[in-house]
Amino acid sequence: MTLPRFYPIFDSADWLRRALPLGVKLVQIRIKDQPAPQLLGELALAQELCREHGATLVVNDHWQAALDLGCDFIHLGQEDLDTADLAAIRRAGMRLGISTHDHAELDRALALAPDYVALGPVWPTILKKMKWEQQGLERVGEWRRLVGAIPLVAIGGLTPERARAAFAAGADVASAVTDITLNPDPEGRIRAWLEATA
């Protein structure tokens with residue numbers, strides 16, 4: 001499977017309204033701590049926006065809501081794998097992306113035949129406190145060899161410039177969060193990303 005090379009992650013459908021018209025074709029919605037009705041509404045809106053713009057929506061974590069809404073793609077962290085109904089996800093035909101940070105997690109992910117494997121943080125990240133230090137480009141190259149033909153997503157501290165280095169090391173896709181959402185000109189930054197990953 002081939003995925004677009006630029007993969008931004010946002011926490012609301014409002015961000016999708018800004019990003020999708022610029023040409024973003026693969027986007028993750030990552031919503032934490034929202035009541036179920038509000039969460040469902042936000043995911044349904046995100047799905048509708050992606051369909052309007054011919055983009056692929058990846059739902060982070062909320063696999064049951066994604067199933068209920070008929071979404072096509074789910075991203076699970078390692079903790080989420082403990083509780084997700086992977087058989088139901090597969091029966092529904094949903095594609096699956098999985099976060100990895102070390103060899104044990106990668107082995108677990110590969111056993112599930114994911115549609116992509118994410119590795120992070122490649123560079124230090126301010127998004128969330130993590131027990132893993134930066135993985136570095138050497139680890140990207142190692143993961144490239146280990147995952148075979150499965151698409152490899154680099155995440156953590158990426159910029160358009162660093163994305164080029166991640167691609168050279170073996171990543172297929174570069175993901176960004178705060179490089180866009182904390183930028184004084186998010187739309188301009190998205191355009192720079194699209195240019196760097198074209």
# chains A, B, ... in the order shown; residues from 1 in each chain; ligands from 1

call {"tool": "residues_around", "arguments": {"residues": "His75 in chain A", "least_positions_apart": "5", "cutoff": "9 Å", "atoms": "only C-alpha atoms", "output": "ChimeraX atom specification"}}
result
/A:28,58-63,95-99

call {"tool": "select_by_dssp", "arguments": {"residues": "range 6-196 of chain A", "states": "helix (DSSP H, G or I)", "output": "PyMOL selection string"}}
result
chain A and resi 13-22+36-52+63-69+78-83+86-91+103-111+136-147+160-169+178-181+186-196

call {"tool": "select_by_dssp", "arguments": {"residues": "range 24-77 of chain A", "states": "strand (DSSP E)", "output": "PyMOL selection string"}}
result
chain A and resi 26-29+56-60+73-76

call {"tool": "atom_distance", "arguments": {"atom1": "CA of Ile150 in chain A", "atom2": "CA of Leu45 in chain A"}}
result
29.4 Å

call {"tool": "closest_residue", "arguments": {"among": "A:Leu39, A:Ala55, A:Pro114, A:Asp172", "to": "Ile74 in chain A", "atoms": "only C-alpha atoms"}}
result
A:Pro114

call {"tool": "closest_residue", "arguments": {"among": "A:Ala92, A:Leu22, A:Cys50, A:Ala87", "to": "Asp68 in chain A", "atoms": "only C-alpha atoms"}}
result
A:Ala92
